[in-house]
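Structure, as structure tokens:
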Amino acid sequence: MPEPARNRLTNRHEYIIHLAPRTSCYYDLFGYSDALGGNGANPGDVWRINPERNMGAHLAPYPRELVRRAVLLGCPEQVCVSCGTPRQRVVARTRHLDEARPQARRVMELANAAGLTDEHIAAIQATGVSDAGKALKVQNGTGRESKVVQQLAAEAKAVLGGYFREFTFAKRVTTGWID
């Protein structure tokens, strides 16, 4: 709501407090981001929502978008009929990038022209930018630095140059659900 303050900055946000009964509550951040047109990354905590004022209905109506977002985040599409546990989303990265970005279009052209396979792209995504500078000294033993992965990533990076980093932001998709 607007504030008539003249001796301080006025608030431009209303706060939404998300309370959960336990720390392991259902929270579908990927589904929420995907529904808003994101790439699965965390979209942040600032929502820009049209207030939908309708003076005929009520002076302080809640925007329907506010409710829709809360439901997307915290209400599972399906739950187990026996125990009530929500089904969990299984997400995988793809080789698809946001074609609206010039850098993404360029790296896709280079990758396609060089005939890079899905395995090459997966190797880039597995190593990410962690194979440069200080990160070389802090590999964590997760298996990302296997010889095959290193070789495929090196081949892809030789073709793509600095553009290889674009594939670490590739679109992710839902591949299934865990029962």
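Every chain in the structure tokens has a letter given in the order shown (A, B, ...), and although residue numbers restart at 1 in each chain, ligands are simply numbered from 1 in the order shown.
Of all the residues in stretch 79-179 of chain A, the ones DSSP labels as strand (DSSP E) from the backbone are Gln88, Arg89, Val90, Val91, Ala92, Arg93, Arg172, Val173, Thr174, Thr175, Gly176, Trp177 and Ile178 of chain A.
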Go ahead and write the residues just picked, C-alpha atoms, as a compact mmCIF listing (two decimals), in the first residue's frame.
```
# COMPACT_ATOMS: atom_id res chain seq x y z
CA GLN A 88 9.33 -35.66 -6.25
CA ARG A 89 10.28 -34.24 -9.64
CA VAL A 90 13.27 -35.73 -11.53
CA VAL A 91 15.07 -33.05 -13.56
CA ALA A 92 17.74 -33.38 -16.24
CA ARG A 93 19.77 -30.83 -18.17
CA ARG A 172 16.41 -28.32 -17.72
CA VAL A 173 13.34 -30.48 -18.16
CA THR A 174 11.26 -32.80 -16.04
CA THR A 175 12.08 -36.38 -17.03
CA GLY A 176 9.81 -38.12 -14.54
CA TRP A 177 8.66 -38.40 -10.97
CA ILE A 178 9.86 -40.44 -8.01
```
Show which residues sit within 12 Å of A:Arg105, as a list in words. Count only C-alpha atoms, and ignore same-chain residues fewer than 3 positions away. Arg95, His96, Leu97, Asp98, Glu99, Ala100, Arg101, Pro102, Met108, Glu109, Leu110, Ala111, Asn112, Tyr163, Glu166, Phe167 and Ala170 of chain A
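You will find atom CA of A:Arg22 at 22.7 Å from atom CA of A:Leu66.
When only C-alpha atoms are used to compute distances to A:Phe30, the closest of the residues A:Val67, A:Leu73, A:Val159, A:Ala153 turns out to be A:Leu73.
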Just the alpha helix (DSSP H) stuff from stretch 14-142 of chain A, please, per backbone DSSP, written as a PyMOL selection string. chain A and resi 29-35+64-74+102-114+118-127
Name all residues at most 10 Å from A:Arg165 (count only C-alpha atoms; drop same-chain ones fewer than 3 positions away) and give them as a PDB file with C-alpha atoms, in the first residue's frame.
```
ATOM      1  CA  GLN A 103      25.920 -15.787 -27.017  1.00  0.00           C
ATOM      2  CA  ALA A 104      23.627 -18.808 -26.769  1.00  0.00           C
ATOM      3  CA  VAL A 107      27.599 -21.436 -29.059  1.00  0.00           C
ATOM      4  CA  ILE A 124      30.860 -29.574 -20.062  1.00  0.00           C
ATOM      5  CA  GLN A 125      27.906 -29.394 -17.683  1.00  0.00           C
ATOM      6  CA  GLY A 128      31.177 -26.504 -15.521  1.00  0.00           C
ATOM      7  CA  VAL A 129      33.624 -23.706 -14.912  1.00  0.00           C
ATOM      8  CA  LYS A 157      35.988 -26.614 -24.942  1.00  0.00           C
ATOM      9  CA  LEU A 160      33.802 -23.661 -28.281  1.00  0.00           C
ATOM     10  CA  GLY A 161      36.449 -21.522 -26.609  1.00  0.00           C
ATOM     11  CA  GLY A 162      35.040 -19.280 -23.900  1.00  0.00           C
ATOM     12  CA  THR A 168      26.188 -24.608 -17.897  1.00  0.00           C
ATOM     13  CA  PHE A 169      22.944 -22.573 -18.158  1.00  0.00           C
ATOM     14  CA  ALA A 170      21.122 -24.971 -20.498  1.00  0.00           C
TER      15      ALA A 170
END
```
Which residue gives the smallest distance to A:Gly44 among A:Val71, A:Tyr32, A:Ala122, A:Leu9, with only C-alpha atoms counted?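 Selected residue with least distance to A:Gly44: A:Tyr32.
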Name all residues at most 12 Å from A:Gln151 (count only C-alpha atoms; drop same-chain ones fewer than 4 positions away) and give them as a ChimeraX atom specification. /A:119-124,127,144-147,155-158
